[in-house]
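Inspection log for the structure reproduced underneath, given as structure tokens.
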Amino acid sequence: MPLVVPGVTTNSSNKTEEWQNKLVGKKLHDSEHNETMFCKKELPEHHRIIAPGQMVTRDFHENRLNVHVDESGTVTHVQHG
């Protein structure tokens with residue numbers, strides 16, 4: 001069982017898992033939201049969408065959601081950082 005210390009450890013893995021469940025397998029869309037698409041407007045304020053081969057900075061921001069998509073625009077995985 002992992003050590004949880006209020007105010008010291010974060011629940012970013014829980015947030016990541018929650019976003020993973022919402023997004024993986026869906027395409028991102030500017031305005032539509034249904035079982036196969038997720039509206040970009042509903043992503044957290046601090047996010048970035050990362051396409052295959054796209055250059056990204058290596059800076060770490062704990063609350064930034066990184067959304068990785070494949071060539072067709074389908075979300076493959078997410079991570080915070």
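Identifiers for the structure tokens are assigned positionally: chains receive A, B, ... in sequence, residues are indexed from 1 per chain, and ligands are indexed from 1 in the order shown.
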Lys26 in chain A surroundings by only C-alpha atoms, 7 Å radius, close-in-sequence under 4 positions cut, as an NGL selection string: :A and (36-38 or 74-75)
Contact residues around range 52-68 of chain A with only C-alpha atoms at 12 Å, ignoring same-chain residues under 4 positions, as an MDAnalysis selection string: chainID A and resid 10:13 15:20 22:28 38 40 43:48 72:81
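Within chain A, the backbone-based DSSP assignment of strand (DSSP E) covers Lys27, Leu28, His29, Met37, Phe38, Cys39, His47, Arg48, Ile49, Ile50, Leu65, Asn66, Val67, His68, Val69, Val75, Thr76, His77, Val78, Gln79 and His80 of chain A.
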In chain A, DSSP helix (DSSP H, G or I) residues written as a ChimeraX atom specification: /A:12-23,40-42
Residues of the last selection are to be written out with N, CA and C atoms, as a CSV table (one decimal), in the first residue's frame.
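Output (out-v8.csv):
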chain,number,residue,atom,x,y,z
A,12,SER,N,-1.6,13.2,-8.2
A,12,SER,CA,-1.5,13.4,-9.7
A,12,SER,C,-1.7,12.1,-10.4
A,13,SER,N,-1.3,11.0,-9.8
A,13,SER,CA,-1.6,9.7,-10.5
A,13,SER,C,-3.1,9.4,-10.6
A,14,ASN,N,-3.8,9.8,-9.6
A,14,ASN,CA,-5.3,9.6,-9.7
A,14,ASN,C,-5.9,10.5,-10.7
A,15,LYS,N,-5.4,11.8,-10.8
A,15,LYS,CA,-5.9,12.7,-11.9
A,15,LYS,C,-5.5,12.1,-13.3
A,16,THR,N,-4.3,11.6,-13.4
A,16,THR,CA,-3.8,11.1,-14.6
A,16,THR,C,-4.7,9.9,-15.0
A,17,GLU,N,-5.0,9.0,-14.1
A,17,GLU,CA,-5.8,7.9,-14.4
A,17,GLU,C,-7.2,8.3,-14.8
A,18,GLU,N,-7.7,9.3,-14.1
A,18,GLU,CA,-9.1,9.8,-14.5
A,18,GLU,C,-9.1,10.3,-15.9
A,19,TRP,N,-8.1,11.1,-16.3
A,19,TRP,CA,-8.0,11.6,-17.7
A,19,TRP,C,-7.8,10.5,-18.7
A,20,GLN,N,-7.0,9.6,-18.3
A,20,GLN,CA,-6.7,8.4,-19.2
A,20,GLN,C,-8.0,7.7,-19.5
A,21,ASN,N,-8.9,7.5,-18.5
A,21,ASN,CA,-10.1,6.8,-18.7
A,21,ASN,C,-11.1,7.7,-19.6
A,22,LYS,N,-11.0,9.0,-19.5
A,22,LYS,CA,-11.9,9.9,-20.3
A,22,LYS,C,-11.4,10.0,-21.7
A,23,LEU,N,-10.1,9.9,-22.0
A,23,LEU,CA,-9.6,10.3,-23.3
A,23,LEU,C,-9.1,9.2,-24.2
A,40,LYS,N,-12.2,19.6,-27.0
A,40,LYS,CA,-10.9,20.2,-26.4
A,40,LYS,C,-11.2,21.3,-25.4
A,41,LYS,N,-12.4,21.9,-25.4
A,41,LYS,CA,-12.7,23.0,-24.5
A,41,LYS,C,-12.9,22.4,-23.1
A,42,GLU,N,-13.1,21.1,-22.9
A,42,GLU,CA,-13.2,20.4,-21.6
A,42,GLU,C,-11.9,19.9,-21.0
